[in-house]
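Structure file coords-v4.cif (mmCIF, C-alpha atoms) is printed below.
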data_start
loop_
_atom_site.label_atom_id
_atom_site.label_comp_id
_atom_site.auth_asym_id
_atom_site.auth_seq_id
_atom_site.Cartn_x
_atom_site.Cartn_y
_atom_site.Cartn_z
CA MET S 1 0.00 0.00 0.00
CA LEU S 2 2.83 2.38 0.91
CA ILE S 3 4.52 1.88 -2.46
CA HIS S 4 1.15 2.23 -4.23
CA LEU S 5 0.64 5.65 -2.59
CA ILE S 6 4.22 6.81 -3.25
CA LEU S 7 4.05 5.72 -6.90
CA LYS S 8 0.90 7.83 -7.36
CA ASP S 9 2.74 10.97 -6.17
CA LEU S 10 5.80 10.13 -8.28
CA LYS S 11 3.66 9.50 -11.36
CA ILE S 12 1.88 12.84 -11.01
CA GLU S 13 5.19 14.64 -10.48
CA TRP S 14 6.89 12.81 -13.35
CA ARG S 15 4.09 14.04 -15.61
CA SER S 16 4.01 17.67 -14.48
CA LYS S 17 7.53 18.15 -13.00
CA GLU S 18 5.88 21.02 -11.17
CA ILE S 19 7.13 20.43 -7.61
CA ILE S 20 10.82 19.80 -8.31
CA THR S 21 11.05 22.52 -10.98
CA SER S 22 9.46 25.18 -8.77
CA MET S 23 11.62 24.18 -5.78
CA PHE S 24 14.79 24.21 -7.89
CA ILE S 25 14.07 27.59 -9.49
CA PHE S 26 13.11 29.11 -6.13
CA GLY S 27 16.21 27.64 -4.44
CA LEU S 28 18.42 28.89 -7.25
CA ALA S 29 16.89 32.38 -7.06
CA ILE S 30 17.59 32.64 -3.31
CA THR S 31 21.10 31.25 -3.84
CA LEU S 32 21.71 33.98 -6.44
CA ILE S 33 20.42 36.69 -4.10
CA PHE S 34 22.75 35.76 -1.23
CA PRO S 35 26.11 36.71 -2.82
CA LEU S 36 24.54 39.95 -4.09
CA ALA S 37 23.02 40.81 -0.72
CA PHE S 38 26.08 39.87 1.32
CA GLN S 39 28.91 41.56 -0.49
CA VAL S 40 31.29 40.87 2.34
CA ALA S 41 34.61 39.16 2.81
CA PRO S 42 34.71 35.53 1.60
CA VAL S 43 35.56 34.37 5.10
CA LEU S 44 32.27 35.80 6.39
CA ILE S 45 30.34 34.14 3.59
CA ARG S 46 31.90 30.84 4.66
CA THR S 47 30.75 31.45 8.22
CA PHE S 48 27.19 32.16 7.10
CA ALA S 49 27.05 29.52 4.33
CA PRO S 50 25.73 26.58 6.44
CA GLY S 51 22.88 28.73 7.79
CA LEU S 52 22.12 30.08 4.32
CA LEU S 53 22.02 26.55 2.91
CA TRP S 54 19.42 25.46 5.47
CA VAL S 55 17.37 28.64 4.95
CA VAL S 56 17.20 27.75 1.24
CA ILE S 57 16.25 24.14 2.06
CA LEU S 58 13.58 25.21 4.56
CA PHE S 59 12.03 27.73 2.13
CA THR S 60 12.04 25.31 -0.81
CA SER S 61 10.59 22.56 1.41
CA VAL S 62 7.61 24.79 2.25
CA LEU S 63 7.02 25.30 -1.46
CA GLY S 64 7.24 21.57 -2.20
CA LEU S 65 5.06 20.50 0.73
CA ASN S 66 2.42 23.03 -0.16
CA ARG S 67 2.23 21.74 -3.72
CA LEU S 68 2.40 18.07 -2.72
CA PHE S 69 -0.63 18.40 -0.43
CA SER S 70 -2.50 20.62 -2.90
CA LEU S 71 -2.65 17.55 -5.17
CA GLU S 72 -4.96 16.03 -2.57
CA ARG S 73 -7.20 19.08 -2.45
CA ASP S 74 -7.61 19.46 -6.21
CA GLU S 75 -11.09 18.12 -7.07
CA ASN S 76 -11.31 16.58 -3.54
CA ALA S 77 -8.92 13.85 -4.71
CA MET S 78 -8.18 12.94 -1.08
CA TRP S 79 -11.69 11.48 -0.80
CA SER S 80 -10.38 8.53 -2.79
CA TRP S 81 -8.28 7.43 0.22
CA THR S 82 -10.22 8.99 3.12
CA SER S 83 -13.21 6.80 2.20
CA ALA S 84 -11.08 3.76 1.33
CA PRO S 85 -9.94 1.03 3.75
CA VAL S 86 -6.52 2.62 4.04
CA ASP S 87 -4.72 3.42 7.26
CA ARG S 88 -4.15 7.16 7.04
CA GLY S 89 -0.87 6.79 8.90
CA THR S 90 0.37 4.95 5.82
CA VAL S 91 -0.72 7.92 3.71
CA TYR S 92 1.37 10.17 5.99
CA ILE S 93 4.46 7.95 5.63
CA ALA S 94 3.94 7.91 1.85
CA LYS S 95 3.79 11.71 1.82
CA VAL S 96 6.99 11.94 3.91
CA VAL S 97 8.80 9.61 1.50
CA SER S 98 7.50 11.49 -1.58
CA ALA S 99 8.39 14.87 -0.07
CA LEU S 100 11.83 13.58 0.91
CA ILE S 101 12.46 12.38 -2.65
CA PHE S 102 11.31 15.69 -4.18
CA VAL S 103 13.22 17.95 -1.76
CA LEU S 104 16.41 15.86 -2.01
CA MET S 105 16.20 15.97 -5.81
CA SER S 106 15.83 19.73 -5.80
CA GLU S 107 18.78 19.97 -3.34
CA LEU S 108 20.81 17.86 -5.72
CA LEU S 109 20.11 20.43 -8.43
CA PHE S 110 20.86 23.63 -6.50
CA ILE S 111 23.70 22.47 -4.24
CA LEU S 112 26.32 22.87 -6.98
CA PRO S 113 25.23 26.44 -7.93
CA PHE S 114 25.15 27.21 -4.17
CA PHE S 115 28.84 26.31 -3.82
CA ILE S 116 29.77 28.08 -7.08
CA PHE S 117 27.92 31.35 -6.43
CA LEU S 118 29.06 31.60 -2.81
CA ASN S 119 32.58 30.57 -3.86
CA LEU S 120 32.80 27.94 -1.15
CA PRO S 121 35.63 25.41 -0.94
CA ALA S 122 34.43 21.84 -1.26
CA ASN S 123 37.16 20.18 0.77
CA PHE S 124 35.03 17.89 2.91
CA SER S 125 33.41 14.47 2.70
CA PHE S 126 30.47 14.49 0.28
CA PHE S 127 29.15 11.34 1.90
CA GLN S 128 28.93 13.14 5.24
CA LEU S 129 27.22 16.13 3.61
CA ALA S 130 24.74 13.73 1.96
CA LEU S 131 24.03 12.17 5.38
CA ILE S 132 23.36 15.60 6.96
CA LEU S 133 21.15 16.62 4.03
CA PHE S 134 19.20 13.35 4.24
CA LEU S 135 18.56 13.50 7.98
CA GLY S 136 17.95 17.28 8.04
CA THR S 137 15.57 17.16 5.10
CA GLY S 138 13.86 14.08 6.56
CA ALA S 139 13.31 15.90 9.85
CA ILE S 140 11.92 18.99 8.06
CA VAL S 141 9.52 17.01 5.86
CA SER S 142 8.30 14.79 8.71
CA VAL S 143 7.30 17.92 10.65
CA GLY S 144 6.14 19.63 7.44
CA CYS S 145 3.88 16.77 6.33
CA LEU S 146 2.21 16.75 9.73
CA ILE S 147 1.55 20.50 9.54
CA SER S 148 0.41 20.21 5.91
CA GLY S 149 -2.03 17.50 6.99
CA ILE S 150 -3.39 19.68 9.81
CA THR S 151 -3.85 22.62 7.44
CA LEU S 152 -5.16 20.52 4.53
CA GLN S 153 -8.71 21.81 4.91
CA ALA S 154 -7.77 25.30 6.11
CA GLY S 155 -8.55 28.30 3.97
CA LEU S 156 -5.27 30.12 4.60
CA ARG S 157 -3.09 27.04 4.30
CA ASP S 158 -0.51 28.74 2.02
CA VAL S 159 0.23 31.16 4.86
CA LEU S 160 -0.31 28.72 7.71
CA ILE S 161 2.28 26.17 6.61
CA PRO S 162 5.31 28.52 6.87
CA ILE S 163 3.92 30.22 10.00
CA LEU S 164 3.62 26.84 11.77
CA LEU S 165 6.56 25.07 10.16
CA PHE S 166 9.33 27.64 10.74
CA PRO S 167 9.07 27.66 14.55
CA ALA S 168 8.47 23.89 14.70
CA ALA S 169 11.46 23.17 12.45
CA SER S 170 13.82 25.70 14.08
CA PRO S 171 15.55 23.02 16.25
CA VAL S 172 16.13 21.07 13.02
CA ALA S 173 17.54 24.16 11.28
CA ILE S 174 19.86 24.87 14.25
CA ALA S 175 21.13 21.27 14.47
CA ALA S 176 21.55 20.99 10.70
CA THR S 177 23.41 24.32 10.53
CA LYS S 178 25.74 23.23 13.36
CA CYS S 179 26.46 19.91 11.61
CA THR S 180 27.05 21.53 8.24
CA GLY S 181 29.22 24.32 9.72
CA LEU S 182 31.47 21.88 11.53
CA LEU S 183 31.67 19.71 8.40
CA PHE S 184 32.64 22.75 6.30
CA ASP S 185 35.33 23.52 8.93
CA GLN S 186 36.63 20.00 8.35
CA LYS S 187 36.04 18.98 11.97
CA PRO S 188 35.87 15.22 12.59
CA MET S 189 32.44 13.60 12.73
CA THR S 190 32.85 12.91 16.46
CA ASP S 191 32.66 16.70 17.00
CA TRP S 192 29.23 17.01 15.43
CA ASN S 193 27.57 13.61 15.69
CA PHE S 194 25.53 14.94 18.66
CA TRP S 195 23.77 17.36 16.28
CA LEU S 196 23.34 14.57 13.76
CA LEU S 197 21.66 12.52 16.46
CA ILE S 198 19.22 15.38 17.10
CA LEU S 199 18.34 15.44 13.38
CA GLY S 200 17.85 11.67 13.35
CA SER S 201 15.73 11.80 16.51
CA PHE S 202 13.52 14.55 15.08
CA PHE S 203 13.05 12.56 11.88
CA VAL S 204 12.07 9.37 13.73
CA ILE S 205 9.99 10.93 16.54
CA PHE S 206 7.96 13.22 14.27
CA GLY S 207 7.66 10.40 11.73
CA LEU S 208 6.16 8.09 14.35
CA PHE S 209 4.02 10.85 15.85
CA GLY S 210 2.67 11.76 12.41
CA TYR S 211 1.95 8.11 11.65
CA LEU S 212 -0.05 7.78 14.88
CA VAL S 213 -2.08 11.00 14.72
CA PHE S 214 -2.63 11.43 10.96
CA ASN S 215 -5.82 9.32 11.24
CA ARG S 216 -7.36 12.01 13.41
CA ILE S 217 -6.14 15.16 11.71
CA VAL S 218 -7.19 14.46 8.13
CA GLU S 219 -10.93 14.83 8.34
CA GLU S 220 -13.41 17.16 6.77
CA MET R 1 -24.63 -5.90 4.71
CA ASN R 2 -26.65 -3.77 7.13
CA LEU R 3 -25.96 -0.22 8.22
CA GLN R 4 -26.82 1.30 11.56
CA VAL R 5 -26.63 4.96 12.57
CA THR R 6 -27.25 5.62 16.27
CA ASP R 7 -27.66 8.98 18.04
CA LEU R 8 -25.65 10.84 15.44
CA SER R 9 -24.94 14.52 16.06
CA LYS R 10 -23.05 16.92 13.84
CA SER R 11 -22.71 20.69 13.95
CA PHE R 12 -21.00 23.20 11.71
CA TYR R 13 -19.74 26.27 13.58
CA ARG R 14 -22.16 25.43 16.44
CA PHE R 15 -25.06 25.20 13.98
CA PRO R 16 -26.54 21.71 14.47
CA VAL R 17 -27.22 19.74 11.28
CA PHE R 18 -27.96 16.45 13.02
CA LYS R 19 -29.20 16.00 16.57
CA SER R 20 -29.50 12.42 17.87
CA PHE R 21 -30.24 11.10 14.39
CA SER R 22 -30.73 7.34 14.07
CA LEU R 23 -31.21 5.16 11.02
CA GLN R 24 -31.35 1.43 10.45
CA VAL R 25 -30.82 0.08 6.93
CA GLU R 26 -31.18 -3.65 6.45
CA SER R 27 -28.99 -5.65 4.12
CA GLY R 28 -30.10 -5.20 0.49
CA GLU R 29 -32.44 -2.32 1.35
CA LYS R 30 -32.58 0.73 -0.93
CA ILE R 31 -33.16 3.99 0.93
CA GLY R 32 -33.77 7.38 -0.62
CA LEU R 33 -32.69 10.57 1.13
CA SER R 34 -34.54 13.69 0.22
CA GLY R 35 -34.77 17.21 1.62
CA PRO R 36 -34.03 20.85 0.92
CA ASN R 37 -30.55 22.26 0.35
CA GLY R 38 -28.50 22.28 3.52
CA SER R 39 -30.59 19.63 5.23
CA GLY R 40 -27.54 17.37 5.62
CA LYS R 41 -28.05 14.71 2.92
CA THR R 42 -24.50 14.88 1.59
CA THR R 43 -23.12 15.37 5.11
CA LEU R 44 -24.79 12.13 6.22
CA LEU R 45 -23.29 10.17 3.32
CA LYS R 46 -19.86 11.69 3.98
CA MET R 47 -20.05 10.71 7.64
CA ILE R 48 -21.10 7.15 6.77
CA SER R 49 -18.25 6.86 4.29
CA GLY R 50 -15.70 8.14 6.82
CA ILE R 51 -14.81 11.26 4.82
CA MET R 52 -16.29 13.47 7.52
CA SER R 53 -16.04 13.00 11.27
CA VAL R 54 -19.05 12.82 13.59
CA ASP R 55 -19.38 14.96 16.72
CA SER R 56 -21.08 12.15 18.65
CA GLY R 57 -22.98 8.96 17.97
CA GLU R 58 -22.09 5.74 16.24
CA ILE R 59 -22.14 4.45 12.68
CA LYS R 60 -21.85 0.69 12.22
CA ILE R 61 -21.45 -1.22 8.98
CA GLY R 62 -22.09 -4.87 9.71
CA GLU R 63 -20.16 -5.40 12.92
CA ASN R 64 -17.58 -2.69 12.29
CA ASN R 65 -17.62 0.88 13.54
CA VAL R 66 -16.97 3.67 11.04
CA SER R 67 -14.03 5.50 12.56
CA PRO R 68 -10.70 6.82 11.29
CA ASP R 69 -8.89 4.08 13.21
CA ASP R 70 -10.96 1.20 11.83
CA THR R 71 -10.42 0.50 8.15
CA ALA R 72 -12.55 -2.67 8.09
CA ALA R 73 -15.87 -0.79 7.87
CA ARG R 74 -14.74 1.14 4.78
CA LYS R 75 -13.81 -2.03 2.88
CA ASN R 76 -17.35 -2.84 1.77
CA LEU R 77 -18.54 0.66 1.04
CA TYR R 78 -18.17 3.23 -1.75
CA TYR R 79 -19.30 6.84 -1.80
CA LEU R 80 -20.16 8.13 -5.25
CA GLY R 81 -20.41 11.86 -4.63
CA HIS R 82 -21.25 14.72 -6.94
CA SER R 83 -17.86 16.27 -6.22
CA VAL R 84 -15.04 14.57 -8.01
CA GLY R 85 -12.73 12.65 -5.62
CA LEU R 86 -10.33 11.72 -8.44
CA TYR R 87 -6.82 12.92 -9.30
CA PRO R 88 -7.04 15.42 -12.18
CA ARG R 89 -3.44 14.76 -13.26
CA LEU R 90 -3.91 11.01 -13.62
CA THR R 91 -5.70 9.39 -16.54
CA GLY R 92 -9.05 7.66 -16.11
CA GLN R 93 -7.31 4.29 -16.28
CA GLU R 94 -4.67 5.34 -13.72
CA ASN R 95 -7.31 6.69 -11.34
CA LEU R 96 -9.20 3.41 -11.49
CA ALA R 97 -5.99 1.43 -10.94
CA PHE R 98 -5.12 3.65 -7.96
CA ILE R 99 -8.53 3.35 -6.28
CA SER R 100 -8.66 -0.36 -7.05
CA GLY R 101 -5.26 -0.74 -5.35
CA LEU R 102 -6.50 1.13 -2.27
CA TYR R 103 -9.17 -1.54 -1.83
CA GLY R 104 -6.67 -4.31 -2.50
CA ASN R 105 -8.40 -5.34 -5.73
CA PRO R 106 -6.55 -6.68 -8.79
CA GLU R 107 -6.27 -4.29 -11.75
CA THR R 108 -7.07 -6.88 -14.40
CA ASN R 109 -10.47 -5.83 -15.74
CA ILE R 110 -10.06 -2.04 -15.84
CA SER R 111 -10.12 -1.75 -19.65
CA ALA R 112 -13.22 -3.92 -19.89
CA VAL R 113 -15.02 -1.82 -17.28
CA LEU R 114 -14.05 1.43 -19.00
CA THR R 115 -15.44 0.02 -22.23
CA LYS R 116 -18.67 -0.89 -20.45
CA VAL R 117 -19.16 2.71 -19.24
CA GLY R 118 -18.23 4.15 -22.65
CA LEU R 119 -14.85 5.60 -21.70
CA ASP R 120 -12.65 3.20 -23.65
CA PHE R 121 -11.47 5.93 -26.04
CA ASN R 122 -10.75 8.33 -23.19
CA GLN R 123 -9.06 6.00 -20.74
CA ASN R 124 -5.60 7.49 -21.39
CA LYS R 125 -6.82 11.06 -21.22
CA LEU R 126 -6.03 13.08 -18.07
CA VAL R 127 -9.07 13.36 -15.82
CA LYS R 128 -8.71 17.16 -15.73
CA PHE R 129 -9.87 17.15 -19.36
CA TYR R 130 -12.98 15.05 -18.60
CA SER R 131 -16.42 16.62 -18.78
CA GLN R 132 -18.83 16.35 -15.82
CA GLY R 133 -20.64 13.46 -17.50
CA MET R 134 -17.39 11.62 -18.23
CA LEU R 135 -16.36 12.02 -14.59
CA GLN R 136 -19.68 10.55 -13.49
CA ARG R 137 -19.15 7.60 -15.86
CA LEU R 138 -15.67 7.11 -14.42
CA LYS R 139 -17.14 6.98 -10.93
CA LEU R 140 -19.67 4.40 -12.11
CA ALA R 141 -16.70 2.43 -13.45
CA THR R 142 -15.18 2.61 -9.96
CA VAL R 143 -18.32 1.05 -8.51
CA LEU R 144 -18.08 -1.77 -11.08
CA ILE R 145 -14.43 -2.39 -10.21
CA LEU R 146 -14.90 -2.32 -6.44
CA ASP R 147 -18.31 -4.01 -6.34
CA PRO R 148 -19.03 -2.77 -2.79
CA ASP R 149 -21.80 -4.21 -0.60
CA ILE R 150 -22.96 -0.74 0.43
CA LEU R 151 -23.29 2.00 -2.13
CA LEU R 152 -23.79 5.66 -1.22
CA LEU R 153 -25.03 7.55 -4.26
CA ASP R 154 -25.12 11.34 -4.05
CA GLU R 155 -27.06 12.83 -6.99
CA PRO R 156 -25.90 9.97 -9.27
CA LEU R 157 -27.46 11.44 -12.40
CA ALA R 158 -25.73 14.82 -12.08
CA GLY R 159 -24.01 15.74 -15.34
CA LEU R 160 -25.03 12.59 -17.20
CA ASP R 161 -26.39 12.88 -20.75
CA THR R 162 -29.28 10.72 -22.03
CA GLU R 163 -26.93 7.83 -22.84
CA GLY R 164 -25.29 8.21 -19.46
CA ILE R 165 -28.64 8.08 -17.71
CA GLN R 166 -29.52 4.91 -19.65
CA LEU R 167 -26.17 3.45 -18.60
CA PHE R 168 -26.88 4.31 -14.97
CA GLU R 169 -30.36 2.78 -15.19
CA SER R 170 -29.01 -0.50 -16.59
CA LEU R 171 -26.25 -0.64 -13.95
CA PHE R 172 -28.75 0.23 -11.24
CA ASN R 173 -30.98 -2.65 -12.31
CA GLU R 174 -27.99 -5.00 -12.06
CA TRP R 175 -27.24 -3.71 -8.56
CA LYS R 176 -30.89 -3.90 -7.56
CA THR R 177 -31.15 -7.58 -8.42
CA GLY R 178 -28.03 -8.17 -6.34
CA GLU R 179 -27.95 -7.74 -2.58
CA LYS R 180 -26.47 -4.26 -2.55
CA THR R 181 -27.52 -1.93 0.22
CA MET R 182 -27.98 1.57 -1.15
CA LEU R 183 -28.49 5.07 0.16
CA ILE R 184 -29.42 7.44 -2.62
CA VAL R 185 -29.57 11.23 -2.39
CA SER R 186 -31.64 13.08 -4.94
CA HIS R 187 -33.80 16.17 -5.18
CA ASP R 188 -36.12 14.35 -7.56
CA ARG R 189 -38.60 12.66 -5.21
CA HIS R 190 -40.50 11.05 -8.06
CA TRP R 191 -37.36 9.39 -9.45
CA LEU R 192 -36.26 8.45 -5.94
CA SER R 193 -39.58 6.75 -5.14
CA SER R 194 -39.24 4.61 -8.28
CA LYS R 195 -35.79 3.43 -7.26
CA THR R 196 -35.96 2.92 -3.52
CA ASP R 197 -37.89 0.90 -0.91
CA ARG R 198 -38.53 3.97 1.26
CA ILE R 199 -37.63 7.64 1.39
CA ILE R 200 -36.34 9.52 4.41
CA GLU R 201 -37.04 13.23 4.40
CA LEU R 202 -34.34 15.32 6.08
CA ASN R 203 -35.24 18.77 7.36
#
For the structure just supplied, provide its representation as structure tokens.
Amino acid sequence: MLIHLILKDLKIEWRSKEIITSMFIFGLAITLIFPLAFQVAPVLIRTFAPGLLWVVILFTSVLGLNRLFSLERDENAMWSWTSAPVDRGTVYIAKVVSALIFVLMSELLFILPFFIFLNLPANFSFFQLALILFLGTGAIVSVGCLISGITLQAGLRDVLIPILLFPAASPVAIAATKCTGLLFDQKPMTDWNFWLLILGSFFVIFGLFGYLVFNRIVEE
Amino acid sequence: MNLQVTDLSKSFYRFPVFKSFSLQVESGEKIGLSGPNGSGKTTLLKMISGIMSVDSGEIKIGENNVSPDDTAARKNLYYLGHSVGLYPRLTGQENLAFISGLYGNPETNISAVLTKVGLDFNQNKLVKFYSQGMLQRLKLATVLILDPDILLLDEPLAGLDTEGIQLFESLFNEWKTGEKTMLIVSHDRHWLSSKTDRIIELN
């Protein structure tokens, strides 16, 4: 069932390419604005870069989540699974996986321009960066999917998602920024694995919480 | 399969639509729901199907309670509403395959069913390009695929052309001879009385 639900989201996105394209273009636009706005010494840019990267990821995630859940609102499409014998927790997990795929793909597209435009040295382990991106993005989308589910029937959902998500995801943004900053400074993983653990915990705890409560929050 | 609604209450913004409403529908019974706009006909069907939550009371399908935590009750039921409930960016065939998968049904006879409802030439067209009548035919195809024991029909003729109405009538006769339990919402009392065993007027 989980794969069936994920494949539906992937099929719709494969056809329209709307979510990934809009996230990539938006992420690229912010990335372009940063070097123009912060015309400061390269060393300062390097200090700010981890925070800027996670600001871009958080903003693009909001865009992607909003669009991903709008698919369910278009023509009341969500009725197909709210009236079906489907555990809605499974729908939540499917949404987290779909959102994770879409946000990671858009990150894959704008991470290179981010390093080029901000003139950042790439002298660190890409595997470790991938791990931070995966856990950080996972934590953001697990919180984001829960909030998107809560606001699914709300009239001002476009505004509500960022208003609710930014404070809720701020511990994730702090932990991810710390991890990324220490990685960029070429510190060993033992120096920042505590922050990585926070990201992982957020991902798992909110994932489980969302799975348990999604039944009750997605109702007309 | 029988359906039992006990002491159901539902309010919208403190405005009560249902107050201690009870209904007993026996297996194979066909019930018509009639009443003015805003009397709660669609709301009742949505609550029975699990799309909408109840404030208090109990809805039972067979032995199973309709609740978000219990998927068993929704297995034998399909709500055919006048709003769409389909993915506009999937084709008719893909929508049927998706819904069929949600109910754990095999996807083998989708093409045959689409041919039966007259959508064989449009099965690979995105649903967003379907007309109202075509959407209604696609929903009838869903009923044929799922073959539920309980069918909730909300204005089933809405948007159908003459051929579509004939198609519905022939399908309805098939369902009527079977043991399907049906709740049908319509504003046309005359039509409703010809199709159902009894009519419940909601005020």
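Excluding segment 72-84 of chain S itself and any same-chain residue fewer than 6 positions from it, the protein and nucleic acid residues within 7 Å of it, counting all atoms listed in the file, are Ser49, Gly50, Ile51, Arg74, Lys75, Val84, Gly85, Leu86, Tyr87, Ile99, Leu102 and Tyr103 of chain R.
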Could you save those same residues with C-alpha atoms as a tab-separated table (two decimals), keeping the file's coordinate frame?
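selection37.tsv written:
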chain	number	residue	atom	x	y	z
R	49	SER	CA	-18.25	6.86	4.29
R	50	GLY	CA	-15.70	8.14	6.82
R	51	ILE	CA	-14.81	11.26	4.82
R	74	ARG	CA	-14.74	1.14	4.78
R	75	LYS	CA	-13.81	-2.03	2.88
R	84	VAL	CA	-15.04	14.57	-8.01
R	85	GLY	CA	-12.73	12.65	-5.62
R	86	LEU	CA	-10.33	11.72	-8.44
R	87	TYR	CA	-6.82	12.92	-9.30
R	99	ILE	CA	-8.53	3.35	-6.28
R	102	LEU	CA	-6.50	1.13	-2.27
R	103	TYR	CA	-9.17	-1.54	-1.83
Would you work out the distance separating atom CA of Leu63 of chain S from atom CA of Phe110 of chain S, expressed in Å to one decimal? 14.8 Å
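Using only C-alpha atoms for every distance, the candidate list R:Tyr130, R:Asp69, R:Ala141, R:Phe18 yields R:Asp69 as the residue closest to Leu212 of chain S.
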Interatomic distance (Å, one decimal) between atom CA of Glu58 of chain R and atom CA of Asp7 of chain R: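 Taking atom CA of Glu58 of chain R and atom CA of Asp7 of chain R, their separation equals 6.7 Å.
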Which residues are near Arg189 of chain R? Cut-off 9 Å, all atoms listed in the file, ignore same chain within fewer than 6 positions. Put them as a compact mmCIF listing (two decimals) with C-alpha atoms, in the coordinates of the input.
# COMPACT_ATOMS: atom_id res chain seq x y z
CA GLY R 32 -33.77 7.38 -0.62
CA LEU R 33 -32.69 10.57 1.13
CA SER R 34 -34.54 13.69 0.22
CA ILE R 199 -37.63 7.64 1.39
Selected by the PyMOL selection byres ((chain R and resi 198) around 12) in the shown coordinates: which residues, as a PyMOL selection string? chain R and resi 24-26+29-34+182-184+189-190+192-197+199-201
If the PyMOL selection byres ((chain R and resi 134) around 9) is run on the structure shown, which residues does it catch, given as a list in words? Gly118, Leu119, Asn122, Val127, Tyr130, Ser131, Gln132, Gly133, Leu135, Gln136, Arg137, Leu138, Lys139, Gly159, Leu160 and Gly164 of chain R
Excluding segment 39-50 of chain S and residues on its chain fewer than 2 positions from it, collect all residues at most 6 Å away from it, counting all atoms listed in the file, and give them as a PyMOL selection string. chain S and resi 36-37+52-53+177+180-181
Emit as lines of an AutoDock Vina configuration file the padded axis-aligned box for all listed atoms of segment 176-183 of chain S, 4 Å per side, with centre and edge lengths in Å to one decimal.
center_x = 26.6
center_y = 22.0
center_z = 10.8
size_x = 18.1
size_y = 12.6
size_z = 13.1
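Pairwise distance (atom CA of Glu94 of chain R, atom CA of Leu2 of chain S) equals 16.7 Å.
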Enumerate, as a short mmCIF file (atom, residue, chain, number, x, y, z; two decimals) with C-alpha atoms, in the coordinates of the input, the residues matched when the PyMOL selection byres ((chain S and resi 203-210) around 10) is run on the file above.
data_model
loop_
_atom_site.label_atom_id
_atom_site.label_comp_id
_atom_site.auth_asym_id
_atom_site.auth_seq_id
_atom_site.Cartn_x
_atom_site.Cartn_y
_atom_site.Cartn_z
CA ARG S 88 -4.15 7.16 7.04
CA GLY S 89 -0.87 6.79 8.90
CA THR S 90 0.37 4.95 5.82
CA TYR S 92 1.37 10.17 5.99
CA ILE S 93 4.46 7.95 5.63
CA VAL S 96 6.99 11.94 3.91
CA PHE S 134 19.20 13.35 4.24
CA LEU S 135 18.56 13.50 7.98
CA GLY S 136 17.95 17.28 8.04
CA THR S 137 15.57 17.16 5.10
CA GLY S 138 13.86 14.08 6.56
CA ALA S 139 13.31 15.90 9.85
CA ILE S 140 11.92 18.99 8.06
CA VAL S 141 9.52 17.01 5.86
CA SER S 142 8.30 14.79 8.71
CA VAL S 143 7.30 17.92 10.65
CA GLY S 144 6.14 19.63 7.44
CA CYS S 145 3.88 16.77 6.33
CA LEU S 146 2.21 16.75 9.73
CA ILE S 147 1.55 20.50 9.54
CA GLY S 149 -2.03 17.50 6.99
CA VAL S 172 16.13 21.07 13.02
CA LEU S 197 21.66 12.52 16.46
CA ILE S 198 19.22 15.38 17.10
CA LEU S 199 18.34 15.44 13.38
CA GLY S 200 17.85 11.67 13.35
CA SER S 201 15.73 11.80 16.51
CA PHE S 202 13.52 14.55 15.08
CA TYR S 211 1.95 8.11 11.65
CA LEU S 212 -0.05 7.78 14.88
CA VAL S 213 -2.08 11.00 14.72
CA PHE S 214 -2.63 11.43 10.96
CA ASN S 215 -5.82 9.32 11.24
CA ILE S 217 -6.14 15.16 11.71
#
At a cut-off of 9 Å, using all atoms listed in the file, what residues contact Met189 of chain S? Leave out same-chain residues fewer than 4 positions from it and give the result as a PyMOL selection string. chain S and resi 128+179+182-183+193
I need the residues from that last selection saved to file as a PDB file, in the frame of the given file (with C-alpha atoms), if you can.
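What ended up in selection.pdb:
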ATOM      1  CA  GLN S 128      28.930  13.140   5.240  1.00  0.00           C
ATOM      2  CA  CYS S 179      26.460  19.910  11.610  1.00  0.00           C
ATOM      3  CA  LEU S 182      31.470  21.880  11.530  1.00  0.00           C
ATOM      4  CA  LEU S 183      31.670  19.710   8.400  1.00  0.00           C
ATOM      5  CA  ASN S 193      27.570  13.610  15.690  1.00  0.00           C
TER       6      ASN S 193
END
Which is closest to chain R among S:Leu100, S:Ala94, S:Ala176, S:Ile12, if we use only C-alpha atoms?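 Among S:Leu100, S:Ala94, S:Ala176, S:Ile12, it is S:Ile12 that comes nearest to chain R.
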Closest of R:Leu80, R:Ala97, R:Ile59, R:Ile145 to Leu157 of chain R - atom-to-atom distances counting only C-alpha atoms: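 Checking each of R:Leu80, R:Ala97, R:Ile59, R:Ile145 against Leu157 of chain R, counting only C-alpha atoms, the winner is R:Leu80.
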All residues 9 Å or closer to Lys41 of chain R, all atoms listed in the file, same chain fewer than 6 positions away omitted, as a short mmCIF file (atom, residue, chain, number, x, y, z; two decimals) with C-alpha atoms, in the coordinates of the input:
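Result went into selection.cif, see below:
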data_model
loop_
_atom_site.label_atom_id
_atom_site.label_comp_id
_atom_site.auth_asym_id
_atom_site.auth_seq_id
_atom_site.Cartn_x
_atom_site.Cartn_y
_atom_site.Cartn_z
CA LEU R 33 -32.69 10.57 1.13
CA SER R 34 -34.54 13.69 0.22
CA GLY R 35 -34.77 17.21 1.62
CA ASP R 154 -25.12 11.34 -4.05
CA VAL R 185 -29.57 11.23 -2.39
CA SER R 186 -31.64 13.08 -4.94
CA LEU R 202 -34.34 15.32 6.08
#
